[in-house]
file work_39.txt (compact mmCIF, C-alpha atoms and all ligand atoms)
# COMPACT_ATOMS: atom_id res chain seq x y z
CA MET A 186 -25.59 -15.98 16.72
CA SER A 187 -26.30 -12.90 14.59
CA ARG A 188 -22.75 -11.84 15.36
CA THR A 189 -21.51 -15.15 14.02
CA ARG A 190 -23.50 -14.69 10.81
CA LEU A 191 -22.07 -11.18 10.47
CA GLY A 192 -18.60 -12.66 10.87
CA PHE A 193 -19.26 -15.20 8.11
CA SER A 194 -20.56 -12.41 5.84
CA LEU A 195 -17.41 -10.41 6.42
CA LEU A 196 -15.31 -13.48 5.70
CA LEU A 197 -17.12 -13.96 2.42
CA LEU A 198 -16.73 -10.30 1.47
CA ALA A 199 -13.05 -10.41 2.26
CA ALA A 200 -12.63 -13.57 0.22
CA LEU A 201 -14.27 -11.89 -2.75
CA GLY A 202 -12.34 -8.67 -2.35
CA TRP A 203 -9.56 -8.53 -4.86
CA SER A 204 -8.99 -7.81 -8.52
CA ASP A 205 -6.86 -6.03 -11.20
CA ASP A 206 -6.81 -3.54 -14.08
CA GLU A 207 -4.47 -0.88 -15.37
CA HIS A 208 -2.89 2.47 -14.51
CA GLY A 209 -1.09 5.73 -15.04
CA SER A 210 2.24 7.48 -15.09
CA GLU A 211 4.29 10.55 -14.74
CA ASP A 212 6.98 12.39 -16.56
CA SER A 213 10.35 13.91 -15.91
CA SER A 214 10.88 16.31 -18.78
CA HIS A 215 10.16 19.93 -18.16
CA PRO A 216 10.27 22.16 -21.25
CA LYS A 217 12.17 25.38 -20.85
CA LYS A 218 10.79 27.17 -23.93
CA LYS A 219 8.39 30.07 -23.51
CA GLY A 220 4.73 30.10 -24.60
CA PRO A 221 1.76 27.80 -24.08
CA GLY A 222 2.86 24.30 -23.24
CA HIS A 223 6.33 25.45 -22.29
CA GLY A 224 8.16 27.48 -19.72
CA PRO A 225 9.52 27.03 -16.24
CA TRP A 226 7.16 26.14 -13.44
CA SER A 227 7.29 25.74 -9.70
CA TYR A 228 5.18 24.40 -6.87
CA ALA A 229 4.71 27.97 -5.69
CA ASP A 230 2.53 28.78 -8.71
CA VAL A 231 0.40 25.65 -9.24
CA ALA A 232 -2.61 27.88 -9.89
CA GLN A 233 -0.85 29.23 -13.00
CA TRP A 234 0.13 25.88 -14.47
CA ALA A 235 -3.01 25.64 -16.61
CA SER A 236 -2.31 28.99 -18.29
CA MET A 237 1.07 27.73 -19.51
CA PHE A 238 0.17 24.04 -19.87
CA PRO A 239 -3.48 23.63 -20.98
CA ASP A 240 -3.71 19.99 -19.97
CA CYS A 241 -3.12 20.99 -16.34
CA GLY A 242 -6.66 22.41 -16.41
CA GLY A 243 -8.18 19.18 -17.73
CA GLN A 244 -10.71 16.90 -16.08
CA MET A 245 -8.50 13.82 -15.61
CA GLN A 246 -5.79 15.33 -13.48
CA SER A 247 -3.61 13.83 -10.77
CA PRO A 248 -3.04 13.47 -7.90
CA ILE A 249 -6.40 12.79 -6.29
CA ASN A 250 -7.80 12.01 -2.87
CA ILE A 251 -8.85 8.37 -2.72
CA ASP A 252 -12.14 8.13 -0.88
CA THR A 253 -12.11 4.46 0.11
CA SER A 254 -15.87 4.38 0.62
CA SER A 255 -16.38 5.39 -3.03
CA THR A 256 -13.99 2.94 -4.65
CA SER A 257 -15.29 0.01 -6.69
CA VAL A 258 -13.79 -3.44 -6.34
CA SER A 259 -12.68 -4.82 -9.68
CA LEU A 260 -12.25 -8.55 -9.93
CA GLU A 261 -10.10 -8.00 -13.02
CA LEU A 262 -7.31 -6.30 -11.08
CA GLN A 263 -4.64 -8.97 -10.71
CA PRO A 264 -1.55 -8.64 -8.48
CA VAL A 265 1.18 -6.49 -9.98
CA GLU A 266 4.16 -8.61 -10.99
CA LEU A 267 7.56 -7.11 -11.74
CA ALA A 268 10.47 -8.54 -13.72
CA GLY A 269 14.15 -7.65 -13.96
CA TYR A 270 14.51 -5.46 -10.86
CA ARG A 271 17.58 -7.02 -9.24
CA LEU A 272 20.26 -5.00 -10.99
CA ASP A 273 23.94 -5.87 -11.07
CA PRO A 274 26.08 -3.45 -8.99
CA ARG A 275 28.23 -2.91 -12.07
CA GLU A 276 25.26 -1.30 -13.79
CA GLN A 277 25.44 2.46 -13.32
CA LEU A 278 22.19 4.37 -12.91
CA ARG A 279 22.04 8.12 -13.37
CA LEU A 280 20.71 10.14 -10.44
CA GLU A 281 19.77 13.79 -10.98
CA ASN A 282 18.36 16.70 -9.03
CA ASN A 283 16.17 18.35 -11.67
CA GLY A 284 15.07 21.15 -9.35
CA HIS A 285 11.67 19.55 -8.74
CA THR A 286 12.68 16.14 -7.40
CA VAL A 287 15.46 13.58 -7.45
CA VAL A 288 15.23 11.28 -10.48
CA LEU A 289 16.81 7.83 -10.83
CA GLU A 290 16.86 6.66 -14.43
CA LEU A 291 15.93 3.01 -14.90
CA PRO A 292 16.79 0.50 -17.65
CA SER A 293 13.84 -0.42 -19.86
CA SER A 294 14.59 -4.07 -19.00
CA LEU A 295 12.59 -3.47 -15.81
CA THR A 296 9.00 -4.31 -16.65
CA ILE A 297 5.53 -4.65 -15.23
CA ALA A 298 4.86 -8.20 -16.37
CA SER A 299 1.37 -8.54 -14.93
CA GLY A 300 -1.31 -6.37 -13.39
CA TYR A 301 -2.05 -4.32 -16.50
CA PRO A 302 -3.65 -5.42 -19.75
CA GLN A 303 -0.29 -4.91 -21.44
CA GLU A 304 3.39 -4.84 -20.55
CA TYR A 305 5.01 -1.59 -19.46
CA ARG A 306 8.71 -0.75 -19.43
CA ALA A 307 10.45 1.37 -16.82
CA SER A 308 11.82 4.83 -17.50
CA GLN A 309 12.65 6.41 -14.15
CA LEU A 310 11.62 6.77 -10.53
CA HIS A 311 11.45 9.83 -8.31
CA LEU A 312 10.09 10.95 -4.97
CA HIS A 313 7.75 13.55 -3.51
CA TRP A 314 8.09 14.73 0.07
CA GLY A 315 7.08 17.41 2.54
CA SER A 316 9.12 19.23 5.15
CA PRO A 317 9.84 18.89 8.86
CA GLU A 318 6.62 20.84 9.34
CA GLY A 319 4.34 18.47 7.44
CA PRO A 320 3.90 15.42 5.21
CA GLY A 321 4.26 15.50 1.44
CA SER A 322 2.64 12.63 -0.45
CA GLU A 323 0.78 13.61 -3.61
CA HIS A 324 -2.17 11.28 -3.32
CA THR A 325 -4.18 11.20 -0.14
CA VAL A 326 -6.41 8.45 1.24
CA ASP A 327 -9.61 9.53 2.96
CA GLY A 328 -8.04 12.94 3.34
CA ARG A 329 -4.85 11.65 4.89
CA ARG A 330 -1.52 12.77 3.48
CA TYR A 331 1.49 10.51 4.02
CA ASP A 332 5.10 11.52 4.66
CA GLY A 333 6.22 10.95 1.09
CA GLU A 334 5.45 9.14 -2.15
CA LEU A 335 7.50 7.04 -4.56
CA HIS A 336 6.62 7.16 -8.25
CA VAL A 337 8.04 4.56 -10.64
CA VAL A 338 7.29 5.70 -14.19
CA TYR A 339 6.72 3.29 -17.08
CA TYR A 340 5.81 3.61 -20.75
CA ASN A 341 3.93 1.47 -23.21
CA PRO A 342 6.57 -0.12 -25.48
CA SER A 343 4.11 0.04 -28.37
CA TYR A 344 5.42 3.56 -28.76
CA GLN A 345 8.89 4.49 -29.92
CA SER A 346 9.88 6.34 -26.77
CA ILE A 347 8.52 7.66 -23.52
CA LYS A 348 8.30 11.11 -25.08
CA GLU A 349 5.86 9.74 -27.64
CA ALA A 350 4.06 7.46 -25.19
CA MET A 351 3.39 10.27 -22.74
CA ARG A 352 1.20 12.00 -25.30
CA GLN A 353 -0.91 8.91 -26.04
CA PRO A 354 -3.90 7.60 -24.06
CA GLY A 355 -2.68 4.72 -21.90
CA GLY A 356 0.87 5.51 -22.91
CA LEU A 357 2.18 5.68 -19.36
CA ALA A 358 1.83 3.77 -16.12
CA VAL A 359 3.00 4.89 -12.69
CA LEU A 360 3.35 2.68 -9.64
CA ALA A 361 2.93 4.85 -6.54
CA ALA A 362 3.76 3.92 -2.96
CA PHE A 363 3.35 5.97 0.19
CA LEU A 364 6.40 6.54 2.38
CA GLN A 365 5.86 6.60 6.10
CA VAL A 366 8.05 7.04 9.16
CA GLY A 367 8.82 3.70 10.80
CA PRO A 368 11.01 2.48 13.65
CA GLU A 369 14.18 1.68 11.71
CA ASP A 370 16.26 2.47 8.65
CA ASN A 371 15.03 0.97 5.42
CA GLU A 372 18.17 -0.53 3.94
CA HIS A 373 16.61 -0.75 0.48
CA TYR A 374 16.57 3.07 0.27
CA GLN A 375 20.18 3.55 1.37
CA PRO A 376 21.76 3.27 -2.12
CA LEU A 377 19.54 6.14 -3.21
CA LEU A 378 19.53 8.30 -0.07
CA GLU A 379 23.26 8.15 0.57
CA GLN A 380 23.84 9.79 -2.82
CA LEU A 381 21.56 12.77 -2.15
CA PRO A 382 24.39 15.01 -0.88
CA GLU A 383 26.09 14.41 -4.24
CA VAL A 384 23.18 16.05 -6.07
CA GLN A 385 22.41 18.76 -3.57
CA GLU A 386 22.23 21.58 -6.10
CA LYS A 387 19.69 21.78 -8.91
CA GLY A 388 21.05 20.25 -12.10
CA LYS A 389 23.64 18.08 -10.35
CA LYS A 390 24.04 14.49 -11.49
CA THR A 391 25.81 11.42 -10.20
CA THR A 392 25.64 7.66 -10.65
CA VAL A 393 24.34 4.93 -8.38
CA ASP A 394 25.48 1.32 -8.48
CA GLY A 395 22.73 -1.06 -9.55
CA PHE A 396 20.69 -2.48 -6.68
CA ASP A 397 17.38 -4.28 -6.09
CA ILE A 398 14.91 -1.66 -7.29
CA LYS A 399 11.98 -3.82 -6.22
CA GLY A 400 13.03 -3.29 -2.60
CA LEU A 401 11.86 0.31 -2.87
CA LEU A 402 8.29 -0.85 -3.39
CA PRO A 403 5.90 -2.42 -0.85
CA THR A 404 6.23 -6.16 -0.32
CA SER A 405 2.57 -6.64 -1.15
CA LEU A 406 1.73 -5.64 -4.72
CA SER A 407 -1.72 -7.22 -4.85
CA ARG A 408 -3.73 -4.60 -2.97
CA TYR A 409 -3.94 -1.29 -4.78
CA TYR A 410 -6.12 1.45 -6.22
CA ARG A 411 -6.28 2.22 -9.92
CA TYR A 412 -7.57 5.15 -11.88
CA SER A 413 -6.92 7.13 -15.06
CA GLY A 414 -5.11 10.38 -14.49
CA SER A 415 -2.22 12.58 -15.51
CA LEU A 416 1.37 13.54 -14.92
CA THR A 417 1.36 15.45 -11.64
CA THR A 418 3.81 18.00 -13.07
CA PRO A 419 3.57 20.14 -16.23
CA PRO A 420 2.76 19.40 -18.97
CA CYS A 421 0.14 17.35 -17.04
CA TYR A 422 -0.62 15.01 -19.96
CA GLN A 423 -3.68 12.93 -19.17
CA THR A 424 -2.17 9.65 -20.27
CA VAL A 425 -1.33 7.93 -17.02
CA ASN A 426 -2.74 4.64 -15.72
CA TRP A 427 -2.15 5.01 -12.01
CA THR A 428 -1.56 2.25 -9.47
CA VAL A 429 -1.49 3.42 -5.85
CA PHE A 430 -0.48 0.64 -3.50
CA ASN A 431 -2.38 0.11 -0.28
CA GLN A 432 0.68 -0.96 1.67
CA THR A 433 3.06 1.81 2.69
CA VAL A 434 6.86 1.68 2.77
CA LEU A 435 8.51 2.49 6.09
CA LEU A 436 11.63 4.65 6.33
CA SER A 437 13.25 5.87 9.53
CA GLN A 438 12.68 9.42 10.71
CA LYS A 439 16.34 10.06 9.94
CA GLN A 440 15.88 8.91 6.33
CA ILE A 441 12.74 10.98 5.82
CA SER A 442 14.49 14.01 7.34
CA LEU A 443 17.43 13.52 4.97
CA LEU A 444 15.02 13.60 2.06
CA GLU A 445 13.31 16.72 3.36
CA THR A 446 16.40 18.76 4.14
CA THR A 447 19.16 17.89 1.66
CA LEU A 448 18.22 18.93 -1.86
CA GLN A 449 17.96 22.44 -3.25
CA GLY A 450 15.62 23.75 -5.91
CA ASP A 451 15.60 27.18 -7.51
CA HIS A 452 17.64 29.98 -5.94
CA GLU A 453 19.43 27.46 -3.70
CA GLU A 454 16.34 27.19 -1.53
CA LEU A 455 15.60 23.83 0.09
CA LEU A 456 13.51 21.63 -2.17
CA GLN A 457 10.53 20.86 0.04
CA ASN A 458 6.81 20.19 -0.32
CA ASN A 459 7.19 19.11 -3.94
CA PHE A 460 3.65 17.82 -4.20
CA ARG A 461 0.70 19.08 -6.23
CA PRO A 462 -2.65 19.64 -4.49
CA THR A 463 -5.23 16.92 -5.09
CA GLN A 464 -7.43 17.40 -8.16
CA SER A 465 -11.16 16.87 -8.69
CA LEU A 466 -12.27 13.47 -9.94
CA HIS A 467 -14.84 14.95 -12.35
CA GLY A 468 -16.80 11.71 -12.29
CA ARG A 469 -13.85 9.35 -12.67
CA LYS A 470 -14.07 5.97 -10.98
CA VAL A 471 -11.34 4.72 -8.67
CA LEU A 472 -11.05 0.94 -8.72
CA ALA A 473 -9.70 -1.17 -5.88
CA SER A 474 -8.15 -4.62 -6.21
CA PHE A 475 -9.52 -5.46 -2.76
CA GLN A 476 -12.48 -4.73 -0.50
CA ALA A 477 -11.28 -1.28 0.51
CA ALA A 478 -14.69 -0.28 1.85
CA LEU A 479 -14.10 -2.64 4.78
CA SER A 480 -11.22 -0.44 5.94
CA PRO A 481 -11.98 1.65 9.01
CA ARG A 482 -12.36 5.27 8.05
CA GLN A 483 -9.52 7.47 9.17
CA ALA A 484 -9.78 10.95 10.54
CA PRO A 485 -8.99 13.41 7.74
CA ILE A 486 -5.83 15.40 8.25
CA PRO A 487 -5.61 18.92 6.86
CA ASP A 488 -2.97 19.45 4.18
CA GLY A 489 0.31 20.33 5.81
CA GLY A 490 -0.89 19.09 9.15
CA ALA A 491 1.27 16.86 11.26
CA PRO A 492 0.68 13.21 10.48
CA PRO A 493 -0.48 11.02 13.30
CA VAL A 494 2.16 8.71 14.65
CA THR A 495 1.21 5.37 13.22
CA PRO A 496 4.04 2.93 13.65
CA ALA A 497 2.24 0.08 12.04
CA PRO A 498 4.45 -2.73 10.86
CA ASP A 499 2.30 -4.93 8.72
CA GLY A 500 2.00 -8.65 8.71
CA ASN A 501 4.40 -9.14 5.85
CA THR A 502 7.52 -10.38 7.49
CA GLU A 503 9.07 -11.67 4.34
CA SER A 504 9.52 -10.30 0.89
CA PRO A 505 8.78 -12.55 -2.07
CA ASP A 506 12.44 -13.51 -2.37
CA GLY A 507 12.49 -14.69 1.21
CA ALA A 508 14.51 -11.80 2.60
CA PRO A 509 13.24 -10.02 5.68
CA GLY A 510 10.74 -7.39 4.72
CA ALA A 511 12.62 -4.51 6.24
CA GLY A 512 10.84 -1.25 5.75
CA ALA A 513 7.58 -2.77 4.63
CA GLY A 514 5.02 -0.76 6.43
CA CYS A 515 1.44 -0.63 7.09
CA VAL A 516 -0.57 0.60 4.23
CA PRO A 517 -2.16 3.81 3.66
CA CYS A 518 -2.61 2.66 7.06
CA ALA A 519 -5.98 1.42 6.26
CA ASP A 520 -4.35 -1.87 5.37
CA ALA A 521 -2.91 -2.84 8.71
CA GLU A 522 -5.94 -1.51 10.47
CA GLN A 523 -8.18 -3.39 8.11
CA GLN A 524 -6.19 -6.56 8.58
CA LEU A 525 -6.34 -6.07 12.33
CA GLY A 526 -10.07 -5.42 12.20
CA PHE A 527 -10.56 -8.47 10.06
CA SER A 528 -8.53 -10.59 12.48
CA LEU A 529 -10.63 -9.38 15.38
CA ARG A 530 -13.81 -10.21 13.53
CA THR A 531 -12.39 -13.64 12.69
CA ALA A 532 -11.56 -14.16 16.37
CA ASP A 533 -15.15 -13.31 17.26
CA VAL A 534 -16.43 -15.94 14.87
CA LEU A 535 -14.04 -18.60 16.15
CA ALA A 536 -14.88 -17.76 19.76
CA GLY A 537 -18.58 -18.20 18.93
CA LEU A 538 -17.95 -21.55 17.26
CA PHE A 539 -15.92 -22.87 20.20
CA GLY A 540 -18.58 -21.65 22.57
CA VAL A 541 -21.25 -23.66 20.73
CA LEU A 542 -19.01 -26.75 20.61
CA PHE A 543 -18.33 -26.44 24.32
CA ALA A 544 -22.03 -26.13 25.11
CA VAL A 545 -22.91 -29.19 23.00
CA THR A 546 -20.14 -31.23 24.65
CA ALA A 547 -21.23 -30.20 28.13
CA LEU A 548 -24.87 -31.03 27.34
CA ALA A 549 -23.91 -34.49 26.07
CA LEU A 550 -21.95 -35.14 29.23
CA LEU A 551 -24.82 -34.04 31.44
CA ILE A 552 -27.12 -36.43 29.62
CA TYR A 553 -24.52 -39.17 29.98
CA VAL A 554 -24.11 -38.54 33.71
CA HIS A 555 -27.86 -38.40 34.16
CA LYS A 556 -28.23 -41.80 32.44
CA GLN A 557 -25.43 -43.28 34.54
CA ARG A 558 -27.12 -42.13 37.72
CA SER A 559 -30.44 -43.60 36.57
CA GLN A 560 -28.70 -46.94 35.96
CA ASN A 561 -27.03 -46.75 39.37
CA GLN A 562 -30.38 -46.25 41.06
CA ARG A 563 -31.57 -49.53 39.54
CA LEU A 564 -28.57 -51.45 41.02
CA SER A 565 -28.37 -53.24 44.43
CA PRO A 566 -27.85 -51.18 47.60
CA GLN A 567 -24.32 -52.62 47.88
CA ALA A 568 -23.47 -51.62 44.44
CA GLN A 569 -25.07 -48.23 45.05
CA GLY A 570 -22.92 -47.83 48.14
CA HIS A 571 -19.84 -48.75 46.19
CA LEU A 572 -20.71 -46.39 43.37
CA HIS A 573 -21.69 -43.71 45.81
CA GLY A 574 -18.27 -44.03 47.32
CA SER A 575 -16.71 -43.72 43.91
CA HIS A 576 -18.92 -40.81 42.80
CA HIS A 577 -16.41 -38.22 43.80
CA ARG A 578 -13.77 -40.06 41.89
CA GLN A 579 -15.96 -39.70 38.88
CA GLU A 580 -15.77 -35.93 39.04
CA PRO A 581 -12.17 -35.71 37.85
CA GLY A 582 -13.20 -38.16 35.16
CA ILE A 583 -15.78 -35.66 33.92
CA ASP A 584 -13.24 -32.89 33.99
CA ALA A 585 -10.85 -35.05 32.05
CA VAL A 586 -13.52 -35.52 29.40
CA LEU A 587 -14.47 -31.86 29.45
CA VAL A 588 -10.97 -30.56 29.07
CA PRO A 589 -10.44 -31.69 25.52
CA GLY A 590 -13.85 -30.30 24.56
CA PRO A 591 -12.91 -26.64 24.10
CA GLY A 592 -9.69 -27.70 22.47
CA LEU A 593 -11.44 -29.17 19.46
ZN ZN B 601 5.81 12.09 -9.32

call {"tool": "encode", "arguments": {"input": "work_39.txt", "output": "structure tokens", "more": "lines below"}}
Ligand SMILES: [Zn+2]
result
Amino acid sequence: MSRTRLGFSLLLLAALGWSDDEHGSEDSSHPKKKGPGHGPWSYADVAQWASMFPDCGGQMQSPINIDTSSTSVSLELQPVELAGYRLDPREQLRLENNGHTVVLELPSSLTIASGYPQEYRASQLHLHWGSPEGPGSEHTVDGRRYDGELHVVYYNPSYQSIKEAMRQPGGLAVLAAFLQVGPEDNEHYQPLLEQLPEVQEKGKKTTVDGFDIKGLLPTSLSRYYRYSGSLTTPPCYQTVNWTVFNQTVLLSQKQISLLETTLQGDHEELLQNNFRPTQSLHGRKVLASFQAALSPRQAPIPDGGAPPVTPAPDGNTESPDGAPGAGAGCVPCADAEQQLGFSLRTADVLAGLFGVLFAVTALALLIYVHKQRSQNQRLSPQAQGHLHGSHHRQEPGIDAVLVPGPGL
């Protein structure tokens, strides 16, 4: 019975576990001028970023490791809602290899309508990835690094432009989603990935026909982490309200490999491992829109280490528009595992309840049979003989009554 009570407690905790708040962002401009706050940079010299860009040495830097056992559930964190993401194919979007990543510019008509205290407007999206030797997400969850990470960058329209907003507290928001190898191609990423060869060299640009940008994000936008941080590239402005989704996005191994081995950075070298090491929290709180602490802890994976094979299609079989949720993956894998764990606990509770119901039904029948026998003993010998003869026929009758019991 204590197990049943534990199950009910977990049910209650899960029911309470979700919320909303606000988040951060990231930038695409990289000053070329010399001197503090300017100059070229690369992922090979991250330790020198702070000497050229003072904010990179600040105490609210990104990315971070999300320790799920230290997150705080915030009941104010509402599901993220997006508006205007299904773009007409006639709309041309600029795609560029800027030497650090591939950037897809987005119309400002794409907005975050809910999930933050104010509206944010889109500016661009880009990706971070690793190499065939190791994963390359920027954020990590309980020490685990994922294969890649999508960043959709937004700005607060209270400011004139993203260049102004990125210098103001709360000026930017970034929606981040982990990319993970799954069993099949993710068709939503094809419009972007098939253009990569067109921007192979640093500085190359092309255009992409408008498509459903929302398809690049997880199908579930209600479970996420939120914290205040920075751009993960110089100038590292600490003005980003970050949202890191719990559900991952699945791409095929072929698609991830294309990302890892197509683009070039400086000196025509392959652009790989374009992620910044995780930064100290310095006392910052990471909020969760759900009861993340219920997630099973995952074994930490050293940076650059091979990711465990976790083909974990989640339970979301449909996207909000009713289309099949192709490519929707398990979350920072805690999600699917958590959901699985929760389902198992729920099954335990239900099994306990049915067990009790069965026992009560059986007891009632025993009492009934006992009373019937007592009545029979008070009848005439003839009647007793008749009933005795029919006793065995009563057995199936009891079974017939018992059968529906457990089915209740
Ligand atoms: Zn980024």

call {"tool": "atom_distance", "arguments": {"input": "work_39.txt", "atom1": "CA of Arg329 in chain A", "atom2": "CA of Pro403 in chain A"}}
result
18.6 Å

call {"tool": "residues_near_ligand", "arguments": {"input": "work_39.txt", "ligand": "ligand ZN 601 (chain B)", "cutoff": "12 Å", "atoms": "all atoms listed in the file", "output": "number ranges by chain"}}
result
A: 209-214, 247-248, 285-289, 309-314, 321-324, 333-339, 358-363, 415-419, 421, 425, 427, 429, 459-461

call {"tool": "closest_residue", "arguments": {"input": "work_39.txt", "among": "A:Gly414, A:Ser474, A:Leu456, A:Val393", "to": "Arg275 in chain A", "atoms": "only C-alpha atoms"}}
result
A:Val393

call {"tool": "atom_distance", "arguments": {"input": "work_39.txt", "atom1": "CA of Ala473 in chain A", "atom2": "CA of Thr325 in chain A"}}
result
14.7 Å

call {"tool": "atom_distance", "arguments": {"input": "work_39.txt", "atom1": "CA of Gln476 in chain A", "atom2": "CA of Pro320 in chain A"}}
result
26.6 Å

call {"tool": "closest_residue", "arguments": {"input": "work_39.txt", "among": "A:Gly400, A:Pro317, A:Pro382, A:Gly450", "to": "Gln438 in chain A", "atoms": "all atoms listed in the file"}}
result
A:Pro317

call {"tool": "closest_residue", "arguments": {"input": "work_39.txt", "among": "A:Gln365, A:Ser343, A:Thr463, A:Thr392", "to": "Gln432 in chain A", "atoms": "all atoms listed in the file"}}
result
A:Gln365

call {"tool": "residues_around", "arguments": {"input": "work_39.txt", "residues": "Ser308 in chain A", "least_positions_apart": "3", "cutoff": "7 Å", "atoms": "only C-alpha atoms", "output": "ChimeraX atom specification"}}
result
/A:290-293,338-340

call {"tool": "residues_around", "arguments": {"input": "work_39.txt", "residues": "Pro264 in chain A", "least_positions_apart": "6", "cutoff": "6 Å", "atoms": "only C-alpha atoms", "output": "VMD selection string"}}
result
chain A and resid 300 406 to 407

call {"tool": "write_last_selection", "arguments": {"input": "work_39.txt", "atoms": "C-alpha atoms", "output": "PDB file, in the coordinates of the input"}}
result
ATOM      1  CA  GLY A 300      -1.310  -6.370 -13.390  1.00  0.00           C
ATOM      2  CA  LEU A 406       1.730  -5.640  -4.720  1.00  0.00           C
ATOM      3  CA  SER A 407      -1.720  -7.220  -4.850  1.00  0.00           C
TER       4      SER A 407
END

call {"tool": "closest_residue", "arguments": {"input": "work_39.txt", "among": "A:Asp332, A:Glu383, A:Glu266, A:Glu281", "to": "Ile297 in chain A", "atoms": "only C-alpha atoms"}}
result
A:Glu266

call {"tool": "closest_residue", "arguments": {"input": "work_39.txt", "among": "A:Phe396, A:Trp226, A:Tyr331, A:Phe430", "to": "Tyr412 in chain A", "atoms": "only C-alpha atoms"}}
result
A:Phe430
